[in-house]
Amino acid sequence: MNPLPSEEYVYKCTTACAGCTSSLSLRYVLKAAGPDTVLVVPACCTSVLQGVYPATAMNVTVYNIAFAAAAATASGMAAAFRRQGRPTNVICYAGDGGTVDIGIQSLSGAFERGTDFLYICYDNEAYGNTGMQRSGATPIGAVTTTTPAGKTDTKKDIDRIVAAHGLPYMATACAAYPQDLYAKVKKALSIPGPKFIHLLSPCPPGWRYPTERSVEVGRLAVKTGLWVLYERVHGELTINPVSKVAMKRPAPIEDYLRIQGRFRGISDEAKSALRAAMEQQHRRLLAEEAGSC
Amino acid sequence: MLTTATGNRAVAAAAKEARPGVVAAYPITPQTEIVEQIAAYVAEGSLEADYIPVESEHSAMAACIGASAAGARTFTATSSHGLLYMHEMLHWAAGARTPVVMANVNRALGPGWNIWAEHTDAFSQRDTGWLQVFVASIQEAYDATLMAFRIAEDERVLLPVMVNLDGFLLSHITQSLETVDVGDFIPPFSLPHAIDTTRPRGYGTLTPPETYYQFRWDMERSMRASREVIAETEAEFARRFGRVYGPTEDYRCEDADVVVVALGTLGKEAEVAVDRLRSEGVKAGSMRLRWFRPFPALDLSGREVVVIDRDYSFGFGGVIAHSIRSTTRAEPYSVIAGLGGQEVTYDDIAGFVRRREAGREDWFGVSD
Amino acid sequence: MFEIRIHSRGGQGGVTAAKLIAQAAFHDGRFATAFPFYGAERRGAPVVSFVRISDEPIKVYSQVRSPDMVIVLDASVMDVIDVFAGLREGGAVLINTTEPLAIEGHPVHPVDLTGIALRVNLVVAGSPILNTPVLGALARIGLVSREAALAAIAETFDDPRNVEAAKAAYEETRP
């Protein structure tokens, strides 16, 4: 394994929660992107974890923007940079609410018109910044402050929605697999046009597990098969070996659910729905990779 | 060059002359011809710019903010519901000090659907931190758009500017237009706080109460300074191109006993009413308000005032009538007229003046 | 100030006719404003547009109520609309028709604009174009100069049949 670059663009003085995977992911993203980068951040946990003006924990340019506006802002920025001949990376770093809910229109628009940028959705499966309300990305059965009895609807499949835009590059990742995340960001930024990376972002206060277990929760998500690591380059899908193994010999999903307070008391129906959605996704991805769809 | 153009074409021609680097826009009646024309300039190569065909007005303004922050001159155009859909980003553009220039073709708001002239769309944005100017001819639409770039981008201002023109009454009519070679009237775009990744900074970072108010005060300081910048820019425009503009256009006001205050085409039509009234022995004058933000200091002392509002603030009154009431000692006769494109002629305006009654509000066409 | 009201049906080019008249007046060194009246009408519905011509800058933006001239591009609208409403005393009428027409107290100029358009094959999407030949007719009446009318057409349309039709209308209109 190659060590990641030692340069840090996210300093230790962030105001993120202990055990925050979003800030951890951002460290890896920026190690891959380097200093000639503008991070466009809509309302989300990252709006807060940068620190409080006039201080900032970030050593790259961060452009904060309104909740629904990240991808559109990136469109304007990317156009201006290209016009000036500047190779600056434009990276949106947005939560799941800003991506799958309020930001989906501007996201779709920017993808459709071919904006040259990378959009990263760090998905903690709820509105974390406002105290864990349900989002379209919250999985069925999860307790949030607005689904006190557990969510009754399944998680919106943003990846299939994004895939329908025919991007040259899209991938899933998780900070529990930093080398993989780093390599995917590197590859994404080497390809012109719109790119998308969907990060699973375990959240100790929101998912209700001890702060030191974020990496373990991320690994369990992958090993149970609930979170599949893959990338799709110009339409060609490659599933990560770790996920291939998980599809064949999955760890029991109870291992993943049990350590998270948000799934305490999950009904059998919700658990079945979770499993069914997972199995359907596995079938779909395997068929696609085999070229039979 | 002397030619003829619609209001929309005149605005597009002026925007082109200003050489924006990025234009992001979404179509809406009656503005669409502006962005169609700019898309055509870009396609034919007469304007070297990126035309970003966004999927909404909210995104249009977001893209303009992003492009401006990245160092490009930006322009967009909208109207009515489009302007309202942008509302959040209008605040953002002003707060981020991105000097975007936008044409707004004034149009009524639904329901019911109505595509005709009204000023409520623009006045609903009065607290966003945008400068707003209202024009009353094709030539003025062109001239004001050119000046808007210079004013917005002046380091003493760095606030966005909205150029308002009445839907259909200006956007779609044809009049003569003298275009100019702008030369160095508009300096190259230079934003002091433009993104420079070699000097990483946080833009719009979480800002606590102890510092937030300072940014707001800074916006107001710039808004106040803009009066001087506007005056300088209009003076320089007059020197170079020979056409004179100011915060108001005053017509036969010097010895007037009664002054009609209105914006846009109603303010021009009022001049014809003034001539009629003068021929009847009524010493009337017209003061067409050009700038709405910053709101100009008006001298109305010793005159009776008739204000025509093509807008309404429900539960309060005509926006201009109340603005005059709160910034002068005048107690105007307030007429609400022209909503949703309601036809208002110079004869009607003369009638308002004849029927004036200080402190009263009447809705034109409503009798109850 | 000379005020004109144009009656046509949506899609027949009444709006463009108004623009062309304003352009021609501009070439004659005068001030002009062309106003399309945009209602909710769609293709085929009766529509009106207005032109004002003056030697002074024009300040009036309301609709023309008492025209000095009425132009009727489609005589069939006369069945549904009073095209002479508000027409000033002695105000002229230019009408696209093959039928002779007399109106008490008003000079009438009938001209077969449709026939002219068909003859020079000035037809777009199955419809004869009326807004360029009408300029020729108006030049003959003396509203604008012939040179100005042809200049306005030439700067707006590349197809030479437009100028050809205007010239024919100029010849065939009774001044």
# chains A, B, ... in the order shown; residues from 1 in each chain; ligands from 1
$ residues_around --residues "region 147-155 of chain C" --least-positions-apart "5" --cutoff "6 Å" --atoms "only C-alpha atoms" --output "JSON, numbers by chain"
{"C": [20, 23, 24, 27, 135]}
$ residues_around --residues "region 7-15 of chain A" --least-positions-apart "5" --cutoff "6 Å" --atoms "only C-alpha atoms" --output "list in words"
Arg27, Leu49, Gln50, Gly51, Ala57, Met58 and Asn59 of chain A
$ interface_residues --of "chain A" --to "chain B" --cutoff "8 Å" --atoms "only C-alpha atoms" --output "NGL selection string"
:A and (35-38 or 47-48 or 50-54 or 56 or 58-66 or 69-70 or 72-81 or 83 or 88 or 105-106 or 109-110 or 113)
$ interface_residues --of "chain B" --to "chain C" --cutoff "6 Å" --atoms "only C-alpha atoms" --output "list in words"
Ile173, Thr174, Gln175, Lys268, Glu269 and Thr345 of chain B
$ write_last_selection --atoms "N, CA, C and O atoms" --output "compact mmCIF listing (two decimals), in the first residue's frame"
# COMPACT_ATOMS: atom_id res chain seq x y z
N ILE B 173 -41.33 46.83 -27.59
CA ILE B 173 -41.58 47.90 -28.56
C ILE B 173 -40.31 48.20 -29.33
O ILE B 173 -39.20 47.85 -28.90
N THR B 174 -40.47 48.81 -30.47
CA THR B 174 -39.33 49.18 -31.29
C THR B 174 -39.19 50.70 -31.31
O THR B 174 -40.18 51.40 -31.55
N GLN B 175 -38.00 51.17 -31.01
CA GLN B 175 -37.69 52.60 -31.12
C GLN B 175 -36.28 52.74 -31.68
O GLN B 175 -35.55 51.76 -31.79
N LYS B 268 -42.86 58.48 -18.04
CA LYS B 268 -42.71 59.19 -19.32
C LYS B 268 -44.08 59.68 -19.80
O LYS B 268 -44.22 60.82 -20.25
N GLU B 269 -45.06 58.80 -19.68
CA GLU B 269 -46.42 59.16 -20.12
C GLU B 269 -46.92 60.35 -19.29
O GLU B 269 -47.68 61.19 -19.79
N THR B 345 -53.46 55.84 -19.46
CA THR B 345 -53.10 56.82 -20.49
C THR B 345 -52.74 58.15 -19.85
O THR B 345 -53.00 58.37 -18.67
$ residues_around --residues "region 216-229 of chain B" --least-positions-apart "2" --cutoff "7 Å" --atoms "only C-alpha atoms" --output "list in words"
Ile151, Arg156, Val157, Tyr212, Tyr213, Gln214, Ala231, Glu232, Thr233 and Pro294 of chain B
$ write_last_selection --atoms "N, CA, C and O atoms" --output "short mmCIF file (atom, residue, chain, number, x, y, z; two decimals), in the first residue's frame"
data_model
loop_
_atom_site.label_atom_id
_atom_site.label_comp_id
_atom_site.auth_asym_id
_atom_site.auth_seq_id
_atom_site.Cartn_x
_atom_site.Cartn_y
_atom_site.Cartn_z
N ILE B 151 -20.83 50.86 -12.64
CA ILE B 151 -21.22 51.19 -11.27
C ILE B 151 -21.03 49.97 -10.35
O ILE B 151 -20.43 50.07 -9.28
N ARG B 156 -15.70 51.04 -4.88
CA ARG B 156 -16.46 51.67 -3.79
C ARG B 156 -17.86 51.07 -3.67
O ARG B 156 -18.56 51.32 -2.70
N VAL B 157 -18.26 50.29 -4.67
CA VAL B 157 -19.63 49.73 -4.68
C VAL B 157 -19.58 48.21 -4.50
O VAL B 157 -19.97 47.67 -3.48
N TYR B 212 -20.57 39.56 12.01
CA TYR B 212 -21.56 39.57 10.94
C TYR B 212 -22.05 40.97 10.62
O TYR B 212 -22.10 41.39 9.47
N TYR B 213 -22.40 41.72 11.69
CA TYR B 213 -22.96 43.06 11.46
C TYR B 213 -21.99 43.97 10.74
O TYR B 213 -22.38 44.89 10.03
N GLN B 214 -20.69 43.70 10.89
CA GLN B 214 -19.70 44.54 10.20
C GLN B 214 -19.80 44.38 8.69
O GLN B 214 -19.65 45.34 7.95
N ALA B 231 -23.47 59.10 -9.76
CA ALA B 231 -23.40 60.47 -10.28
C ALA B 231 -22.17 60.65 -11.16
O ALA B 231 -22.25 61.21 -12.26
N GLU B 232 -21.04 60.12 -10.71
CA GLU B 232 -19.81 60.21 -11.53
C GLU B 232 -19.97 59.48 -12.85
O GLU B 232 -19.57 59.96 -13.90
N THR B 233 -20.56 58.28 -12.77
CA THR B 233 -20.70 57.46 -13.97
C THR B 233 -21.65 58.13 -14.96
O THR B 233 -21.39 58.16 -16.16
N PRO B 294 -29.89 52.86 -4.65
CA PRO B 294 -30.23 53.61 -3.45
C PRO B 294 -31.36 54.60 -3.75
O PRO B 294 -31.40 55.17 -4.84
#
$ select_by_dssp --residues "region 215-256 of chain B" --states "alpha helix (DSSP H)" --output "PyMOL selection string"
chain B and resi 215-241
$ residues_around --residues "region 88-91 of chain C" --least-positions-apart "4" --cutoff "12 Å" --atoms "only C-alpha atoms" --output "count of residues only"
20
$ select_by_dssp --residues "region 58-188 of chain B" --states "strand (DSSP E)" --output "list in words"
Thr74, Phe75, Thr76, Ala77, Thr78, Val101, Met102, Ala103, Asn104, Val105, Asn106, Leu131, Gln132, Val133, Phe134, Val161, Met162, Val163, Asn164, Leu165, Asp166, Thr174, Gln175, Ser176, Leu177 and Glu178 of chain B
$ atom_distance --atom1 "CA of Gly351 (chain B)" --atom2 "CA of Ala273 (chain B)"
8.7 Å
$ residues_around --residues "Ala164 (chain A)" --least-positions-apart "5" --cutoff "12 Å" --atoms "only C-alpha atoms" --output "PyMOL selection string"
chain A and resi 108+111-112+157-159+170+235
$ write_last_selection --atoms "N, CA and C atoms" --output "mmCIF file, in the first residue's frame"
data_model
loop_
_atom_site.group_PDB
_atom_site.id
_atom_site.type_symbol
_atom_site.label_atom_id
_atom_site.label_comp_id
_atom_site.auth_asym_id
_atom_site.auth_seq_id
_atom_site.Cartn_x
_atom_site.Cartn_y
_atom_site.Cartn_z
ATOM 1 N N SER A 108 -28.621 17.958 -11.209
ATOM 2 C CA SER A 108 -29.008 17.374 -12.487
ATOM 3 C C SER A 108 -28.691 18.326 -13.641
ATOM 4 N N PHE A 111 -24.928 18.397 -14.371
ATOM 5 C CA PHE A 111 -24.505 17.158 -15.054
ATOM 6 C C PHE A 111 -24.953 17.183 -16.510
ATOM 7 N N GLU A 112 -26.193 17.569 -16.715
ATOM 8 C CA GLU A 112 -26.760 17.544 -18.075
ATOM 9 C C GLU A 112 -25.995 18.458 -19.017
ATOM 10 N N ASP A 157 -32.382 6.217 -4.404
ATOM 11 C CA ASP A 157 -31.200 5.677 -5.089
ATOM 12 C C ASP A 157 -30.588 6.753 -5.980
ATOM 13 N N ILE A 158 -29.850 7.664 -5.361
ATOM 14 C CA ILE A 158 -29.276 8.792 -6.107
ATOM 15 C C ILE A 158 -28.287 8.315 -7.170
ATOM 16 N N ASP A 159 -27.633 7.174 -6.905
ATOM 17 C CA ASP A 159 -26.624 6.718 -7.865
ATOM 18 C C ASP A 159 -27.230 6.338 -9.208
ATOM 19 N N MET A 170 -18.236 8.046 -12.358
ATOM 20 C CA MET A 170 -18.923 8.081 -11.070
ATOM 21 C C MET A 170 -18.457 6.904 -10.231
ATOM 22 N N GLY A 235 -19.041 4.616 -18.461
ATOM 23 C CA GLY A 235 -20.104 3.619 -18.554
ATOM 24 C C GLY A 235 -19.680 2.214 -18.186
#
$ atom_distance --atom1 "CA of Ile191 (chain A)" --atom2 "CA of Glu57 (chain B)"
28.8 Å
$ residues_around --residues "Ile38 (chain B)" --least-positions-apart "4" --cutoff "8 Å" --atoms "only C-alpha atoms" --output "VMD selection string"
chain B and resid 12 16 34 42 47 51
$ write_last_selection --atoms "N, CA and C atoms" --output "PDB file, in the first residue's frame"
ATOM      1  N   ALA B  12     -29.595  43.447 -24.660  1.00  0.00           N
ATOM      2  CA  ALA B  12     -28.637  42.424 -25.094  1.00  0.00           C
ATOM      3  C   ALA B  12     -27.430  43.081 -25.769  1.00  0.00           C
ATOM      4  N   LYS B  16     -23.605  42.854 -24.489  1.00  0.00           N
ATOM      5  CA  LYS B  16     -22.542  42.386 -25.374  1.00  0.00           C
ATOM      6  C   LYS B  16     -21.382  43.379 -25.405  1.00  0.00           C
ATOM      7  N   ILE B  34     -33.871  38.581 -24.645  1.00  0.00           N
ATOM      8  CA  ILE B  34     -32.539  39.054 -24.232  1.00  0.00           C
ATOM      9  C   ILE B  34     -31.560  37.885 -24.246  1.00  0.00           C
ATOM     10  N   VAL B  42     -23.070  34.552 -28.803  1.00  0.00           N
ATOM     11  CA  VAL B  42     -22.037  33.588 -28.426  1.00  0.00           C
ATOM     12  C   VAL B  42     -21.866  32.555 -29.539  1.00  0.00           C
ATOM     13  N   LEU B  47     -19.556  37.450 -29.478  1.00  0.00           N
ATOM     14  CA  LEU B  47     -19.310  37.631 -28.044  1.00  0.00           C
ATOM     15  C   LEU B  47     -18.574  36.396 -27.539  1.00  0.00           C
ATOM     16  N   TYR B  51     -21.985  30.855 -22.422  1.00  0.00           N
ATOM     17  CA  TYR B  51     -23.414  30.981 -22.158  1.00  0.00           C
ATOM     18  C   TYR B  51     -23.834  29.700 -21.445  1.00  0.00           C
TER      19      TYR B  51
END
$ residues_around --residues "region 250-262 of chain A" --least-positions-apart "2" --cutoff "7 Å" --atoms "only C-alpha atoms" --output "PyMOL selection string"
chain A and resi 142-143+207-209+217+220-221+223-225+246-248+264
$ closest_residue --among "C:Ile141, C:Ile95, C:Ala165, C:Leu130" --to "Gln12 (chain C)" --atoms "only C-alpha atoms"
C:Leu130
$ closest_residue --among "B:Thr29, B:Ala18, B:Trp363, B:Trp116" --to "Arg150 (chain B)" --atoms "only C-alpha atoms"
B:Ala18
